[in-house]
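Shown next, in structure tokens, is the structure this report addresses.
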Amino acid sequence: MTGIVALYIFMLAAFTGYEVIARVPVILHTPLMSGSNFVHGIVLVGAMVALGGAHTPLEKTIGFIGVLLAAGNAVGGYVVTERMLEMFRSSKARTAAPEER
Amino acid sequence: MSGASSGLWSAGALIQASYFLTAVLFIMGLKRMSSPVSARSGIVWAGAGMLVATVVTLAYPGMSNYPLIGAAIVLGAALAWWSGKRVAMTNMPQMIALYNGMGGGAAASIAAVELYRRGGGEGMSTALAVAGGLIGAVSFSGSAIAFGKLQGLIQRSIRFRGQQLLSVLLLIGAVLPGVLEVVRPGGSAQYVTGLLSGALLLGLAMTLPIGGADMPVVISLYNALTGLAVGFEGFALHNAAMIIAGTVVGSAGTLLTQLMAKAMNRSLGNVLFSGFGESGGEAAGAVSGSLKPIESPDVGVMLAFAQKVIVVPGYGMAVAQAQHKIWELCQLLIERGVTVRFAIHPVAGRMPGHMNVLLAEAGVPYDLIGDLEEINGEFETADVALIIGANDVVNPVARTEKSSPIYGMPILNADRARNVIVIKRGKGAGFSGIENALFYLDNTRMLYGDAQKVGAELIQAVKALG
């Protein structure tokens with residue numbers, strides 16, 4: 001990937017993020033923030049590559065911590081977002097409320 | 001790290017194709033999450049994208065340390081799964097902060113491993129690894145403080161003179177070794193260590209002085225920063241999935257942060273560089289009139305024979321865990337033919353949208369809930385505005401009193417309803433410490449007590465009417 005192509009990707013992705021969020025109703029701000037928090041859990045992929053290429057004990061230790069944290073970001077982000085969004089229903093399409101603790 | 005050798009071309013192509021699919025799924029997932037009808041499926045789509053990317057990365061050329069990778073994933077995933085399933089809905093904002101900080105820490109770890117391993121001085125790639133590491137480390141330690149504050153582990157906002165000077169010094173202390181790492185051929189492990197420890201301290205110094213009320217904006221900001229850090233590390237690793245996902249979150253998160261700050265009538269600079277109350281600590285205007293108490297049975301009658309009731313829930317209701325009782329009460333009223341609406345101020349919970357989540361948990365359908373702009377015109381036609389644990393968001397002082405710290409903040413026009421009932425634990429002022437003029441109006445009655453208990457009493461009172 002050459003620098004200029006990467007720059008194009010950066011620019012287009014930035015506009016995409018802006019546009020996707022631009023018209024979101026306030027009621028979804030918290031779940032959406034949580035959802036975008038999950039999406040940057042993709043850092044897991046990079047952490048895996050970094051640990052996969054680590055050699056010295058120091059690199060391996062930091063790499064291990066990185067993968068651990070990244071997995072926490074991805075899985076935790078998914079679980080809390082899913083729990084929040086699961087509860088949104090309209091009065092028409094209602095079934096019994098799910099049993100959550 | 002970039003080029004797979006020609007023999008591994010097919011594995012490389014598979015990985016690239018999968019990352020492309022992941023990016024598509026992420027963007028479509030986020031798009032679906034921005035409407036309540038399709039939101040649930042949005043997170044599932046994004047989740048599928050994450051799974052694809054994670055599995056395919058195991059086939060990345062030249063990888064070793066598989067047992068370590070597996071152990072770290074299982075351990076991190078298990079801890080997050082366990083904590084995410086357990087957390088109460090009221091504590092959701094700090095959990096988001098915690099998981100977000102983990103992402104920032106992971107980005108910083110990538111920077112550390114890559115810079116230690118390959119040394120610096122590789123121009124653009126090194127510069128972006130350094131930038132991502134710095135931002136990620138700030139987000140990591142800052143989010144940890146945000147979590148501690150909202151969780152109640154850190155009770156006080158630590159402020160002292162020269163705080164901003166300290167932050168500037170720490171920023172320089174982090175940036176300087178970062179620059180050296182980029183420009184000196186080969187770099188040095190010391191530079192990397194200096195960069196990351198400076199950034200970690202900077203995150204602490206930036207976040208400790210900020211009060212709990214502003215934390216949602218800060219969490220949102222760190223969410224955007226983590227996205228940016230992930231994007232930058234994606235450049236350093238030539239990983240398109242990370243670049244796209246990180247950048248999308250970076251810009252979406254920035255917009256979300258601005259929306260939140262606007263809803264709270266605060267500018268981002270104001271949140272970061274000054275404590276709340278410093279601008280308007282003095283008592284804001286004397287309020288005339290008296291507080292007029294009322295008892296539950298009278299309120300029950302008033303509600304039961306109203307045509308239209310607008311409920312204004314605040315964080316106090318959520319703390320008392322009263323949303324289930326209040327919804328039960330509203331269902332009784334709906335059965336009697338009363339029109340019931342919920343009016344939600346953007347900052348009604350701990351962060352914009354938080355109250356909607358709490359009401360949804362109690363089973364309130366989202367089409368009964370109106371946000372500020374939708375519902376503000378309806379208060380004039382409402383017989384009763386029922387205010388439960390909300391304070392500043394219904395204070396008419398925000399419209400009139402220029403000296404008040406909340407002046408200019410958009411409020412719910414509850415004072416324009418025919419009757420106003422305020423359910424409140426005691427006579428104290430709101431989160432901002434400002435006296436509420438609404439409570440002293442002629443058409444306002446105060447119903448003192450714990451919101452859950454009062455809710456039960458009101459249910460009894462309405463049922464007693466048959």
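Quick note on naming: the chains in the structure tokens go A, B, ... in the order shown, residues restart at 1 in each chain, and ligands are numbered from 1 in order of appearance.
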
Check: Could you pull the residues within 8 Å of segment 11-26 of chain A, counting only C-alpha atoms, minus those fewer than 5 positions along the same chain, as a list in words?
Finding: Ile27, Leu30, Lys31, Ser34, Ser35, Ile244, Ala245, Thr247, Val248, Val249, Gly250, Ser251, Ala252, Leu255, Leu256, Pro346, Pro352, Gly353 and Asp371 of chain B

Could you dump the residues just selected with N, CA and C atoms as an mmCIF file, in the first residue's frame?
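Contents of selection.cif, as written:
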data_model
loop_
_atom_site.group_PDB
_atom_site.id
_atom_site.type_symbol
_atom_site.label_atom_id
_atom_site.label_comp_id
_atom_site.auth_asym_id
_atom_site.auth_seq_id
_atom_site.Cartn_x
_atom_site.Cartn_y
_atom_site.Cartn_z
ATOM 1 N N ILE B 27 -19.062 -1.035 8.430
ATOM 2 C CA ILE B 27 -19.731 0.200 8.026
ATOM 3 C C ILE B 27 -21.238 -0.010 7.934
ATOM 4 N N LEU B 30 -22.637 -0.259 11.511
ATOM 5 C CA LEU B 30 -22.778 1.056 12.146
ATOM 6 C C LEU B 30 -23.978 1.802 11.574
ATOM 7 N N LYS B 31 -24.159 1.680 10.260
ATOM 8 C CA LYS B 31 -25.296 2.331 9.603
ATOM 9 C C LYS B 31 -26.600 1.802 10.194
ATOM 10 N N SER B 34 -27.688 3.066 13.576
ATOM 11 C CA SER B 34 -28.139 4.446 13.751
ATOM 12 C C SER B 34 -29.645 4.593 13.555
ATOM 13 N N SER B 35 -30.381 3.497 13.490
ATOM 14 C CA SER B 35 -31.842 3.558 13.524
ATOM 15 C C SER B 35 -32.354 2.524 14.527
ATOM 16 N N ILE B 244 -9.388 1.395 8.104
ATOM 17 C CA ILE B 244 -10.767 1.811 7.813
ATOM 18 C C ILE B 244 -11.599 1.854 9.095
ATOM 19 N N ALA B 245 -11.586 0.752 9.874
ATOM 20 C CA ALA B 245 -12.413 0.718 11.080
ATOM 21 C C ALA B 245 -11.981 1.807 12.057
ATOM 22 N N THR B 247 -10.392 4.667 11.499
ATOM 23 C CA THR B 247 -10.685 6.020 11.036
ATOM 24 C C THR B 247 -12.176 6.317 11.082
ATOM 25 N N VAL B 248 -12.997 5.326 10.699
ATOM 26 C CA VAL B 248 -14.453 5.527 10.770
ATOM 27 C C VAL B 248 -14.852 5.857 12.211
ATOM 28 N N VAL B 249 -14.331 5.089 13.173
ATOM 29 C CA VAL B 249 -14.658 5.346 14.573
ATOM 30 C C VAL B 249 -14.093 6.700 15.014
ATOM 31 N N GLY B 250 -12.904 7.016 14.531
ATOM 32 C CA GLY B 250 -12.300 8.301 14.887
ATOM 33 C C GLY B 250 -13.173 9.470 14.485
ATOM 34 N N SER B 251 -13.691 9.460 13.247
ATOM 35 C CA SER B 251 -14.496 10.600 12.823
ATOM 36 C C SER B 251 -15.905 10.527 13.394
ATOM 37 N N ALA B 252 -16.499 9.334 13.432
ATOM 38 C CA ALA B 252 -17.833 9.200 14.025
ATOM 39 C C ALA B 252 -17.793 9.593 15.494
ATOM 40 N N LEU B 255 -17.637 13.367 15.969
ATOM 41 C CA LEU B 255 -18.955 13.975 15.775
ATOM 42 C C LEU B 255 -19.849 13.728 16.988
ATOM 43 N N LEU B 256 -19.835 12.493 17.477
ATOM 44 C CA LEU B 256 -20.655 12.126 18.640
ATOM 45 C C LEU B 256 -20.251 12.956 19.862
ATOM 46 N N PRO B 346 -31.459 15.340 26.449
ATOM 47 C CA PRO B 346 -30.241 14.656 25.988
ATOM 48 C C PRO B 346 -29.294 14.247 27.115
ATOM 49 N N PRO B 352 -25.863 11.105 26.811
ATOM 50 C CA PRO B 352 -27.009 11.157 25.910
ATOM 51 C C PRO B 352 -27.438 9.759 25.473
ATOM 52 N N GLY B 353 -28.722 9.488 25.593
ATOM 53 C CA GLY B 353 -29.237 8.188 25.193
ATOM 54 C C GLY B 353 -29.259 7.157 26.308
ATOM 55 N N ASP B 371 -37.809 12.998 22.304
ATOM 56 C CA ASP B 371 -36.672 13.798 22.743
ATOM 57 C C ASP B 371 -37.057 15.272 22.783
#

Item checked: Exercise: Gly53 of chain A partners within 9 Å, only C-alpha atoms, chain neighbours under 5 positions left out, as an NGL selection string -> (:A and (48 or 59-60)) or (:B and (1 or 62-65 or 113-114 or 117))

Notebook entry, point to check: If you run DSSP on the backbone, which residues of segment 107-289 of chain B are alpha helix (DSSP H), as an NGL selection string?
Noted result: :B and (107-118 or 124-150 or 163-183 or 189-207 or 215-237 or 240-263 or 268-273)

Note to self: Which residues are close to Met260 of chain B, i.e. within 9 Å by only C-alpha atoms, leaving aside same-chain residues fewer than 5 positions away? Reply as a list of chain:residue names.
What the structure shows: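 Contacts, in chain order: A:His29, B:Pro216, B:Val217, B:Ser220, B:Leu255, B:Asn265, B:Arg266, B:Pro346, B:Val347, B:Met351, B:Pro352.
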
Output file for the selection above: all heavy atoms, as a PDB file, in the first residue's frame:
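result_18.pdb was written with the following content:
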ATOM      1  N   HIS A  29     -27.559   7.468  21.046  1.00  0.00           N
ATOM      2  CA  HIS A  29     -26.188   7.929  21.247  1.00  0.00           C
ATOM      3  C   HIS A  29     -25.354   6.962  22.083  1.00  0.00           C
ATOM      4  O   HIS A  29     -24.237   6.616  21.703  1.00  0.00           O
ATOM      5  CB  HIS A  29     -26.168   9.311  21.904  1.00  0.00           C
ATOM      6  CG  HIS A  29     -26.310  10.422  20.911  1.00  0.00           C
ATOM      7  ND1 HIS A  29     -26.209  11.745  21.252  1.00  0.00           N
ATOM      8  CD2 HIS A  29     -26.544  10.398  19.590  1.00  0.00           C
ATOM      9  CE1 HIS A  29     -26.382  12.486  20.171  1.00  0.00           C
ATOM     10  NE2 HIS A  29     -26.595  11.686  19.154  1.00  0.00           N
TER      11      HIS A  29
ATOM     12  N   PRO B 216     -19.019  11.834  30.518  1.00  0.00           N
ATOM     13  CA  PRO B 216     -19.513  11.248  29.271  1.00  0.00           C
ATOM     14  C   PRO B 216     -18.837  11.845  28.039  1.00  0.00           C
ATOM     15  O   PRO B 216     -18.466  11.114  27.115  1.00  0.00           O
ATOM     16  CB  PRO B 216     -21.004  11.587  29.280  1.00  0.00           C
ATOM     17  CG  PRO B 216     -21.343  11.810  30.685  1.00  0.00           C
ATOM     18  CD  PRO B 216     -20.111  12.296  31.377  1.00  0.00           C
ATOM     19  N   VAL B 217     -18.672  13.166  28.036  1.00  0.00           N
ATOM     20  CA  VAL B 217     -18.025  13.816  26.898  1.00  0.00           C
ATOM     21  C   VAL B 217     -16.587  13.325  26.777  1.00  0.00           C
ATOM     22  O   VAL B 217     -16.088  13.053  25.691  1.00  0.00           O
ATOM     23  CB  VAL B 217     -18.052  15.350  27.058  1.00  0.00           C
ATOM     24  CG1 VAL B 217     -17.363  16.019  25.883  1.00  0.00           C
ATOM     25  CG2 VAL B 217     -19.479  15.839  27.175  1.00  0.00           C
ATOM     26  N   SER B 220     -16.456   9.798  25.418  1.00  0.00           N
ATOM     27  CA  SER B 220     -16.703   9.838  23.977  1.00  0.00           C
ATOM     28  C   SER B 220     -15.458  10.313  23.227  1.00  0.00           C
ATOM     29  O   SER B 220     -15.113   9.789  22.164  1.00  0.00           O
ATOM     30  CB  SER B 220     -17.887  10.749  23.693  1.00  0.00           C
ATOM     31  OG  SER B 220     -18.148  10.813  22.326  1.00  0.00           O
ATOM     32  N   LEU B 255     -17.637  13.367  15.969  1.00  0.00           N
ATOM     33  CA  LEU B 255     -18.955  13.975  15.775  1.00  0.00           C
ATOM     34  C   LEU B 255     -19.849  13.728  16.988  1.00  0.00           C
ATOM     35  O   LEU B 255     -20.519  14.631  17.489  1.00  0.00           O
ATOM     36  CB  LEU B 255     -19.604  13.406  14.506  1.00  0.00           C
ATOM     37  CG  LEU B 255     -21.004  13.910  14.184  1.00  0.00           C
ATOM     38  CD1 LEU B 255     -20.989  15.407  13.968  1.00  0.00           C
ATOM     39  CD2 LEU B 255     -21.555  13.212  12.958  1.00  0.00           C
ATOM     40  N   ASN B 265     -24.555  21.775  26.706  1.00  0.00           N
ATOM     41  CA  ASN B 265     -24.269  23.203  26.721  1.00  0.00           C
ATOM     42  C   ASN B 265     -22.833  23.495  27.152  1.00  0.00           C
ATOM     43  O   ASN B 265     -22.559  24.456  27.856  1.00  0.00           O
ATOM     44  CB  ASN B 265     -25.256  23.926  27.646  1.00  0.00           C
ATOM     45  CG  ASN B 265     -25.269  25.417  27.411  1.00  0.00           C
ATOM     46  OD1 ASN B 265     -25.093  25.865  26.289  1.00  0.00           O
ATOM     47  ND2 ASN B 265     -25.443  26.184  28.466  1.00  0.00           N
ATOM     48  N   ARG B 266     -21.921  22.617  26.777  1.00  0.00           N
ATOM     49  CA  ARG B 266     -20.516  22.800  27.136  1.00  0.00           C
ATOM     50  C   ARG B 266     -19.695  22.714  25.862  1.00  0.00           C
ATOM     51  O   ARG B 266     -20.027  21.948  24.971  1.00  0.00           O
ATOM     52  CB  ARG B 266     -20.046  21.682  28.065  1.00  0.00           C
ATOM     53  CG  ARG B 266     -20.917  21.447  29.248  1.00  0.00           C
ATOM     54  CD  ARG B 266     -20.549  22.293  30.432  1.00  0.00           C
ATOM     55  NE  ARG B 266     -19.416  21.735  31.145  1.00  0.00           N
ATOM     56  CZ  ARG B 266     -18.417  22.467  31.599  1.00  0.00           C
ATOM     57  NH1 ARG B 266     -18.397  23.752  31.362  1.00  0.00           N
ATOM     58  NH2 ARG B 266     -17.444  21.927  32.290  1.00  0.00           N
ATOM     59  N   PRO B 346     -31.459  15.340  26.449  1.00  0.00           N
ATOM     60  CA  PRO B 346     -30.241  14.656  25.988  1.00  0.00           C
ATOM     61  C   PRO B 346     -29.294  14.247  27.115  1.00  0.00           C
ATOM     62  O   PRO B 346     -28.584  13.253  26.987  1.00  0.00           O
ATOM     63  CB  PRO B 346     -29.574  15.700  25.088  1.00  0.00           C
ATOM     64  CG  PRO B 346     -30.685  16.559  24.608  1.00  0.00           C
ATOM     65  CD  PRO B 346     -31.731  16.560  25.681  1.00  0.00           C
ATOM     66  N   VAL B 347     -29.265  14.979  28.212  1.00  0.00           N
ATOM     67  CA  VAL B 347     -28.341  14.593  29.287  1.00  0.00           C
ATOM     68  C   VAL B 347     -29.074  13.995  30.479  1.00  0.00           C
ATOM     69  O   VAL B 347     -28.588  14.024  31.601  1.00  0.00           O
ATOM     70  CB  VAL B 347     -27.449  15.767  29.740  1.00  0.00           C
ATOM     71  CG1 VAL B 347     -26.548  16.204  28.616  1.00  0.00           C
ATOM     72  CG2 VAL B 347     -28.264  16.925  30.261  1.00  0.00           C
ATOM     73  N   MET B 351     -25.191   9.870  30.160  1.00  0.00           N
ATOM     74  CA  MET B 351     -24.740  10.362  28.856  1.00  0.00           C
ATOM     75  C   MET B 351     -25.932  10.351  27.916  1.00  0.00           C
ATOM     76  O   MET B 351     -26.930   9.706  28.194  1.00  0.00           O
ATOM     77  CB  MET B 351     -23.587   9.525  28.315  1.00  0.00           C
ATOM     78  CG  MET B 351     -23.868   8.068  28.118  1.00  0.00           C
ATOM     79  SD  MET B 351     -22.529   7.224  27.269  1.00  0.00           S
ATOM     80  CE  MET B 351     -21.197   7.348  28.446  1.00  0.00           C
ATOM     81  N   PRO B 352     -25.863  11.105  26.811  1.00  0.00           N
ATOM     82  CA  PRO B 352     -27.009  11.157  25.910  1.00  0.00           C
ATOM     83  C   PRO B 352     -27.438   9.759  25.473  1.00  0.00           C
ATOM     84  O   PRO B 352     -26.618   8.970  25.057  1.00  0.00           O
ATOM     85  CB  PRO B 352     -26.486  11.972  24.723  1.00  0.00           C
ATOM     86  CG  PRO B 352     -25.417  12.817  25.306  1.00  0.00           C
ATOM     87  CD  PRO B 352     -24.778  11.978  26.366  1.00  0.00           C
TER      88      PRO B 352
END

Note to self: List as a PyMOL selection string the protein and nucleic acid residues near Ser109 of chain B, meaning an atom at most 8 Å away when only C-alpha atoms are counted, but skip any in the same chain fewer than 6 places from it.
What the structure shows: (chain A and resi 47+62-63+65-66) or (chain B and resi 133)

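Comparing A:Ala71, A:Val43, A:Met87, A:Leu58 by their smallest distance to Gly136 of chain B, the closest is A:Val43 (using only C-alpha atoms).
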
Would you kindly return, as a CSV table (one decimal) with N, CA, C and O atoms, in the first residue's frame, each protein, DNA or RNA residue with an atom no farther than 8 Å from any atom of Gly35 of chain A, considering only C-alpha atoms and excluding same-chain residues fewer than 3 positions away?
chain,number,residue,atom,x,y,z
A,31,PRO,N,-25.9,3.6,22.9
A,31,PRO,CA,-25.6,2.3,22.2
A,31,PRO,C,-24.6,2.5,21.0
A,31,PRO,O,-23.8,1.7,20.8
A,32,LEU,N,-24.7,3.6,20.3
A,32,LEU,CA,-23.9,3.8,19.1
A,32,LEU,C,-22.4,4.1,19.5
A,32,LEU,O,-21.5,3.6,18.9
A,38,PHE,N,-16.9,-1.0,20.1
A,38,PHE,CA,-16.7,-2.4,19.6
A,38,PHE,C,-15.9,-2.4,18.3
A,38,PHE,O,-15.0,-3.2,18.2
A,39,VAL,N,-16.3,-1.5,17.4
A,39,VAL,CA,-15.6,-1.6,16.1
A,39,VAL,C,-14.1,-1.3,16.2
A,39,VAL,O,-13.4,-2.0,15.5
A,77,GLY,N,-17.1,-4.9,24.3
A,77,GLY,CA,-17.8,-4.0,23.5
A,77,GLY,C,-19.0,-4.6,22.8
A,77,GLY,O,-20.1,-4.1,22.8
A,78,TYR,N,-18.8,-5.8,22.4
A,78,TYR,CA,-19.9,-6.6,21.7
A,78,TYR,C,-21.0,-6.9,22.7
A,78,TYR,O,-22.2,-6.6,22.5
A,81,THR,N,-23.0,-3.7,24.0
A,81,THR,CA,-23.8,-3.1,22.9
A,81,THR,C,-25.0,-4.0,22.6
A,81,THR,O,-26.2,-3.5,22.5
B,30,LEU,N,-22.6,-0.3,11.5
B,30,LEU,CA,-22.8,1.1,12.1
B,30,LEU,C,-24.0,1.8,11.6
B,30,LEU,O,-24.7,2.5,12.3
B,33,MET,N,-27.0,0.5,13.1
B,33,MET,CA,-27.1,0.9,14.5
B,33,MET,C,-27.6,2.3,14.7
B,33,MET,O,-27.9,2.7,15.8
B,43,ILE,N,-25.3,-4.6,15.3
B,43,ILE,CA,-24.2,-5.1,16.1
B,43,ILE,C,-23.8,-6.5,15.7
B,43,ILE,O,-22.7,-6.9,15.8

Note to self: Could you tell me how far atom CA of Arg86 of chain B sits from atom CA of Ala74 of chain A, in Å to one decimal place?
What the structure shows: 16.5 Å

Notebook entry, point to check: Expressed in Å to a single decimal, how great is the separation between atom CA of Thr254 of chain B and atom CA of Ala39 of chain B?
Noted result: 20.5 Å

Item checked: For atom CA of Leu386 of chain B and atom CA of Gly337 of chain B, the interatomic separation in Å (one decimal) ->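 Answer for the atom CA of Leu386 of chain B to atom CA of Gly337 of chain B separation: 17.1 Å.
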
Check: Given the choices B:Ala112, B:Val357, B:Leu441, B:Leu21, which gets closest to Ser34 of chain A if the distance is worked out from only C-alpha atoms?
Finding: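 That would be B:Val357, the residue with the smallest distance to Ser34 of chain A.
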
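Distance annotation: of B:Tyr448, B:Tyr366, B:Trp82, B:Tyr315, the residue with the minimal separation from chain A is B:Tyr366; atom set is only C-alpha atoms.
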
Margin query: Which residues are near Gln258 of chain B? Cut-off 9 Å, only C-alpha atoms, ignore same chain within fewer than 4 positions. Put them as a PyMOL selection string.
Written below: chain B and resi 217+221+253-254+262-263+267-268

Notebook entry, point to check: Which one is closest to Ala50 of chain A: B:Gln323, B:Thr57, B:Gln155, B:Asn443? Count only C-alpha atoms.
Noted result: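 So, comparing all the options, the nearest one is B:Thr57.
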
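Compared by their closest atoms to chain B, and using only C-alpha atoms, the residues A:Thr61, A:Thr2, A:Thr56, A:Thr30 rank with A:Thr30 nearest.
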